[in-house]
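Asker: If it helps, the file is called target.cif and holds mmCIF, C-alpha atoms:
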data_target
loop_
_atom_site.label_atom_id
_atom_site.label_comp_id
_atom_site.auth_asym_id
_atom_site.auth_seq_id
_atom_site.Cartn_x
_atom_site.Cartn_y
_atom_site.Cartn_z
CA MET C 294 0.00 0.00 0.00
CA THR C 295 1.12 3.55 -0.71
CA THR C 296 0.80 5.89 2.26
CA VAL C 297 0.89 9.64 1.76
CA THR C 298 1.36 11.67 4.91
CA VAL C 299 0.41 15.32 4.41
CA PHE C 300 2.05 17.71 6.85
CA CYS C 301 -0.05 20.55 8.27
CA GLU C 302 0.82 23.55 10.39
CA ALA C 303 -1.21 24.54 13.45
CA ASP C 304 -2.92 27.25 11.37
CA GLY C 305 -4.09 24.69 8.79
CA ALA C 306 -1.50 25.53 6.14
CA LEU C 307 0.01 22.55 4.34
CA SER C 308 3.78 22.31 4.58
CA GLY C 309 4.72 19.18 2.64
CA PHE C 310 4.17 15.48 2.15
CA ASP C 311 5.82 12.10 2.54
CA CYS C 312 4.82 9.42 0.03
CA ARG C 313 6.08 5.89 0.53
CA GLY C 314 5.42 2.34 -0.49
CA HIS C 315 4.17 0.62 -3.59
CA ALA C 316 0.43 0.44 -4.27
CA ASP C 317 0.54 -3.25 -5.26
CA TYR C 318 -2.47 -2.81 -7.51
CA ALA C 319 -0.70 -4.63 -10.36
CA GLU C 320 2.75 -5.73 -11.49
CA ALA C 321 5.50 -3.13 -11.80
CA GLY C 322 5.03 -1.21 -15.03
CA GLU C 323 1.31 -2.02 -15.07
CA ASP C 324 0.25 -0.43 -11.77
CA ILE C 325 -2.09 2.46 -12.56
CA VAL C 326 -2.41 3.50 -8.92
CA CYS C 327 1.36 3.77 -8.49
CA ALA C 328 1.62 5.65 -11.77
CA ALA C 329 -1.10 8.10 -10.73
CA VAL C 330 0.45 8.75 -7.30
CA SER C 331 3.89 9.21 -8.86
CA ALA C 332 2.59 11.62 -11.48
CA LEU C 333 0.68 13.66 -8.90
CA THR C 334 3.46 13.89 -6.32
CA GLN C 335 6.25 14.50 -8.84
CA GLY C 336 4.10 17.03 -10.68
CA THR C 337 3.46 18.88 -7.45
CA LEU C 338 7.15 18.86 -6.56
CA ASN C 339 7.97 20.13 -10.05
CA GLY C 340 5.39 22.91 -9.69
CA LEU C 341 6.77 23.98 -6.33
CA LEU C 342 10.40 23.93 -7.45
CA ASN C 343 10.38 24.94 -11.10
CA VAL C 344 7.22 26.94 -11.63
CA LEU C 345 6.68 28.65 -8.29
CA LYS C 346 10.40 28.64 -7.37
CA ALA C 347 9.49 27.95 -3.73
CA PRO C 348 12.11 26.67 -1.29
CA VAL C 349 11.59 22.91 -0.95
CA ASP C 350 13.69 20.24 0.70
CA TYR C 351 13.04 16.93 -1.00
CA ALA C 352 14.31 13.38 -1.35
CA ILE C 353 13.45 10.67 -3.86
CA ASP C 354 14.21 6.96 -3.50
CA GLU C 355 12.75 5.18 -6.53
CA LYS C 356 13.82 1.72 -5.37
CA ASP C 357 11.87 1.93 -2.11
CA GLY C 358 9.10 4.14 -3.54
CA ILE C 359 9.69 7.22 -1.38
CA LEU C 360 9.22 10.89 -2.24
CA THR C 361 9.38 13.44 0.56
CA ALA C 362 8.93 17.18 0.11
CA SER C 363 8.94 19.86 2.78
CA LEU C 364 8.46 23.56 2.23
CA GLY C 365 11.13 25.82 3.63
CA ASN C 366 10.51 29.42 4.63
CA VAL C 367 8.16 30.37 1.78
CA PRO C 368 8.11 34.09 0.94
CA GLU C 369 4.75 35.79 1.34
CA ASP C 370 4.32 36.25 -2.43
CA LYS C 371 4.62 32.48 -3.01
CA ARG C 372 2.50 31.16 -0.12
CA ALA C 373 -0.85 31.18 -1.91
CA GLY C 374 0.64 29.35 -4.90
CA ALA C 375 2.28 26.74 -2.68
CA GLN C 376 -1.00 26.14 -0.85
CA LEU C 377 -2.89 25.83 -4.12
CA LEU C 378 -0.46 23.20 -5.42
CA LEU C 379 -0.48 21.20 -2.18
CA ARG C 380 -4.27 21.36 -1.75
CA THR C 381 -4.75 20.25 -5.36
CA LEU C 382 -2.43 17.31 -4.69
CA VAL C 383 -4.41 16.35 -1.58
CA SER C 384 -7.73 16.58 -3.43
CA ALA C 385 -6.50 14.35 -6.26
CA LEU C 386 -4.96 11.82 -3.86
CA GLN C 387 -8.18 11.64 -1.85
CA MET C 388 -10.12 10.93 -5.04
CA LEU C 389 -7.73 8.05 -5.77
CA GLU C 390 -8.10 6.84 -2.20
CA ALA C 391 -11.90 6.79 -2.57
CA ASP C 392 -11.61 4.47 -5.57
CA TYR C 393 -8.58 2.39 -4.51
CA ALA C 394 -8.74 2.32 -0.70
CA ARG C 395 -6.87 -0.99 -0.52
CA HIS C 396 -3.91 0.54 -2.34
CA ILE C 397 -3.52 4.15 -1.17
CA ARG C 398 -4.00 5.87 2.15
CA VAL C 399 -3.85 9.62 2.78
CA ILE C 400 -3.24 10.78 6.34
CA PHE C 401 -2.62 14.16 7.91
CA GLN C 402 -0.01 14.96 10.52
CA GLU C 403 0.37 18.26 12.33
CA ARG C 404 3.88 19.64 12.53
CA ARG C 405 4.89 21.45 15.68
#
Please express the file's structure as structure tokens.
Answerer:
Amino acid sequence: MTTVTVFCEADGALSGFDCRGHADYAEAGEDIVCAAVSALTQGTLNGLLNVLKAPVDYAIDEKDGILTASLGNVPEDKRAGAQLLLRTLVSALQMLEADYARHIRVIFQERR
């Protein structure tokens, strides 16, 4: 199962995500759930880094199926864009979870 932990601040702002595990919906190369999660998380990371130019610490381990991204100190003029990207990611992942609950889980964790 793929588990995506979404990190939240006390004020409700999203500050990053940790995606790990393989969905095990189908064989490698045929797994549509894994492909969807990968496209969504990598697309969001790309948007944060290359489109918005927001400060993001990230790590990718393709072998173990891990992608972690954490916003740094986001300038005021980039905060709304970062929240839009992260909230869109969460919405799309929750839609996948509704259809493939045995293969993806989305959880929220408050950062302190």
Asker: Separation of CA of Gly358 in chain C and CA of Tyr318 in chain C, in Å?
Answerer: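 Interatomic distance here is 14.1 Å.
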Asker: Please evaluate the PyMOL selection byres ((chain C and resi 366-383) around 12) against the displayed coordinates and give the resulting residues as number ranges by chain.
Answerer: C: 297-302, 305-312, 329-350, 362-365, 384-390, 398-401
Asker: Quick one: pull the distance between CA of Asp317 in chain C and CA of Asp354 in chain C, Å, one decimal.
Answerer: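 Distance between the two atoms: 17.2 Å.
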Asker: Report, in Å with one decimal, the straight-line distance from CA of Thr296 in chain C to CA of Arg395 in chain C.
Answerer: 10.7 Å
Asker: Build an axis-aligned box that encloses every atom of range 297-304 of chain C listed in the file, pad it by 8 Å on each side, and report its centre and edge lengths in Å to one decimal, as JSON.
Answerer:
{"center_x": -0.4, "center_y": 18.4, "center_z": 7.6, "size_x": 21.0, "size_y": 33.6, "size_z": 27.7}
Asker: Considering only C-alpha atoms, return as a list of chain:residue names whatever protein or nucleic-acid residues lie within 12 Å of Asp357 in chain C, sequence-local ones (same chain, fewer than 6 positions apart) excluded.
Answerer: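 Everything that qualifies: C:Thr295, C:Cys312, C:Arg313, C:Gly314, C:His315, C:Ala316.
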Asker: Output C-alpha atoms for every residue in that selection, as an mmCIF file, keeping the file's coordinate frame.
Answerer:
data_model
loop_
_atom_site.group_PDB
_atom_site.id
_atom_site.type_symbol
_atom_site.label_atom_id
_atom_site.label_comp_id
_atom_site.auth_asym_id
_atom_site.auth_seq_id
_atom_site.Cartn_x
_atom_site.Cartn_y
_atom_site.Cartn_z
ATOM 1 C CA THR C 295 1.120 3.550 -0.710
ATOM 2 C CA CYS C 312 4.820 9.420 0.030
ATOM 3 C CA ARG C 313 6.080 5.890 0.530
ATOM 4 C CA GLY C 314 5.420 2.340 -0.490
ATOM 5 C CA HIS C 315 4.170 0.620 -3.590
ATOM 6 C CA ALA C 316 0.430 0.440 -4.270
#
Asker: So which residues touch Ala352 in chain C within 8 Å, counting all atoms listed in the file, skipping near sequence neighbours fewer than 6 positions away, as a PyMOL selection string?
Answerer: chain C and resi 359-362
Asker: If I only want range 311-335 of chain C, can you write it with N, CA and C atoms, as a CSV table (one decimal), in the first residue's frame?
Answerer:
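Output below, filename result10.csv:
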chain,number,residue,atom,x,y,z
C,311,ASP,N,4.9,13.2,2.6
C,311,ASP,CA,5.8,12.1,2.5
C,311,ASP,C,5.0,11.0,1.9
C,312,CYS,N,5.5,10.5,0.8
C,312,CYS,CA,4.8,9.4,0.0
C,312,CYS,C,5.7,8.2,0.0
C,313,ARG,N,5.2,7.1,0.5
C,313,ARG,CA,6.1,5.9,0.5
C,313,ARG,C,5.3,4.6,0.3
C,314,GLY,N,6.0,3.7,-0.3
C,314,GLY,CA,5.4,2.3,-0.5
C,314,GLY,C,4.9,2.2,-1.9
C,315,HIS,N,4.7,0.9,-2.3
C,315,HIS,CA,4.2,0.6,-3.6
C,315,HIS,C,2.7,0.2,-3.4
C,316,ALA,N,1.9,0.6,-4.4
C,316,ALA,CA,0.4,0.4,-4.3
C,316,ALA,C,0.0,-1.0,-4.4
C,317,ASP,N,0.8,-1.8,-5.1
C,317,ASP,CA,0.5,-3.2,-5.3
C,317,ASP,C,-0.8,-3.5,-5.9
C,318,TYR,N,-1.2,-2.6,-6.8
C,318,TYR,CA,-2.5,-2.8,-7.5
C,318,TYR,C,-2.2,-3.8,-8.6
C,319,ALA,N,-1.1,-3.7,-9.2
C,319,ALA,CA,-0.7,-4.6,-10.4
C,319,ALA,C,0.8,-4.8,-10.4
C,320,GLU,N,1.3,-5.5,-11.3
C,320,GLU,CA,2.7,-5.7,-11.5
C,320,GLU,C,3.4,-4.4,-11.8
C,321,ALA,N,4.7,-4.3,-11.5
C,321,ALA,CA,5.5,-3.1,-11.8
C,321,ALA,C,5.4,-2.9,-13.3
C,322,GLY,N,5.2,-1.6,-13.6
C,322,GLY,CA,5.0,-1.2,-15.0
C,322,GLY,C,3.6,-1.3,-15.5
C,323,GLU,N,2.7,-1.9,-14.7
C,323,GLU,CA,1.3,-2.0,-15.1
C,323,GLU,C,0.4,-1.4,-14.0
C,324,ASP,N,1.0,-0.9,-12.9
C,324,ASP,CA,0.3,-0.4,-11.8
C,324,ASP,C,-0.2,1.0,-12.0
C,325,ILE,N,-1.5,1.1,-12.3
C,325,ILE,CA,-2.1,2.5,-12.6
C,325,ILE,C,-2.2,3.3,-11.3
C,326,VAL,N,-2.3,2.7,-10.2
C,326,VAL,CA,-2.4,3.5,-8.9
C,326,VAL,C,-1.0,4.1,-8.6
C,327,CYS,N,0.0,3.3,-8.7
C,327,CYS,CA,1.4,3.8,-8.5
C,327,CYS,C,1.7,4.9,-9.5
C,328,ALA,N,1.3,4.7,-10.7
C,328,ALA,CA,1.6,5.6,-11.8
C,328,ALA,C,0.9,7.0,-11.5
C,329,ALA,N,-0.3,6.9,-11.0
C,329,ALA,CA,-1.1,8.1,-10.7
C,329,ALA,C,-0.5,8.8,-9.5
C,330,VAL,N,-0.2,8.1,-8.5
C,330,VAL,CA,0.4,8.7,-7.3
C,330,VAL,C,1.8,9.4,-7.7
C,331,SER,N,2.6,8.7,-8.4
C,331,SER,CA,3.9,9.2,-8.9
C,331,SER,C,3.7,10.5,-9.7
C,332,ALA,N,2.8,10.4,-10.6
C,332,ALA,CA,2.6,11.6,-11.5
C,332,ALA,C,2.1,12.8,-10.7
C,333,LEU,N,1.2,12.6,-9.7
C,333,LEU,CA,0.7,13.7,-8.9
C,333,LEU,C,1.7,14.2,-8.0
C,334,THR,N,2.5,13.4,-7.3
C,334,THR,CA,3.5,13.9,-6.3
C,334,THR,C,4.7,14.5,-7.0
C,335,GLN,N,5.1,13.9,-8.1
C,335,GLN,CA,6.3,14.5,-8.8
C,335,GLN,C,5.8,15.8,-9.6
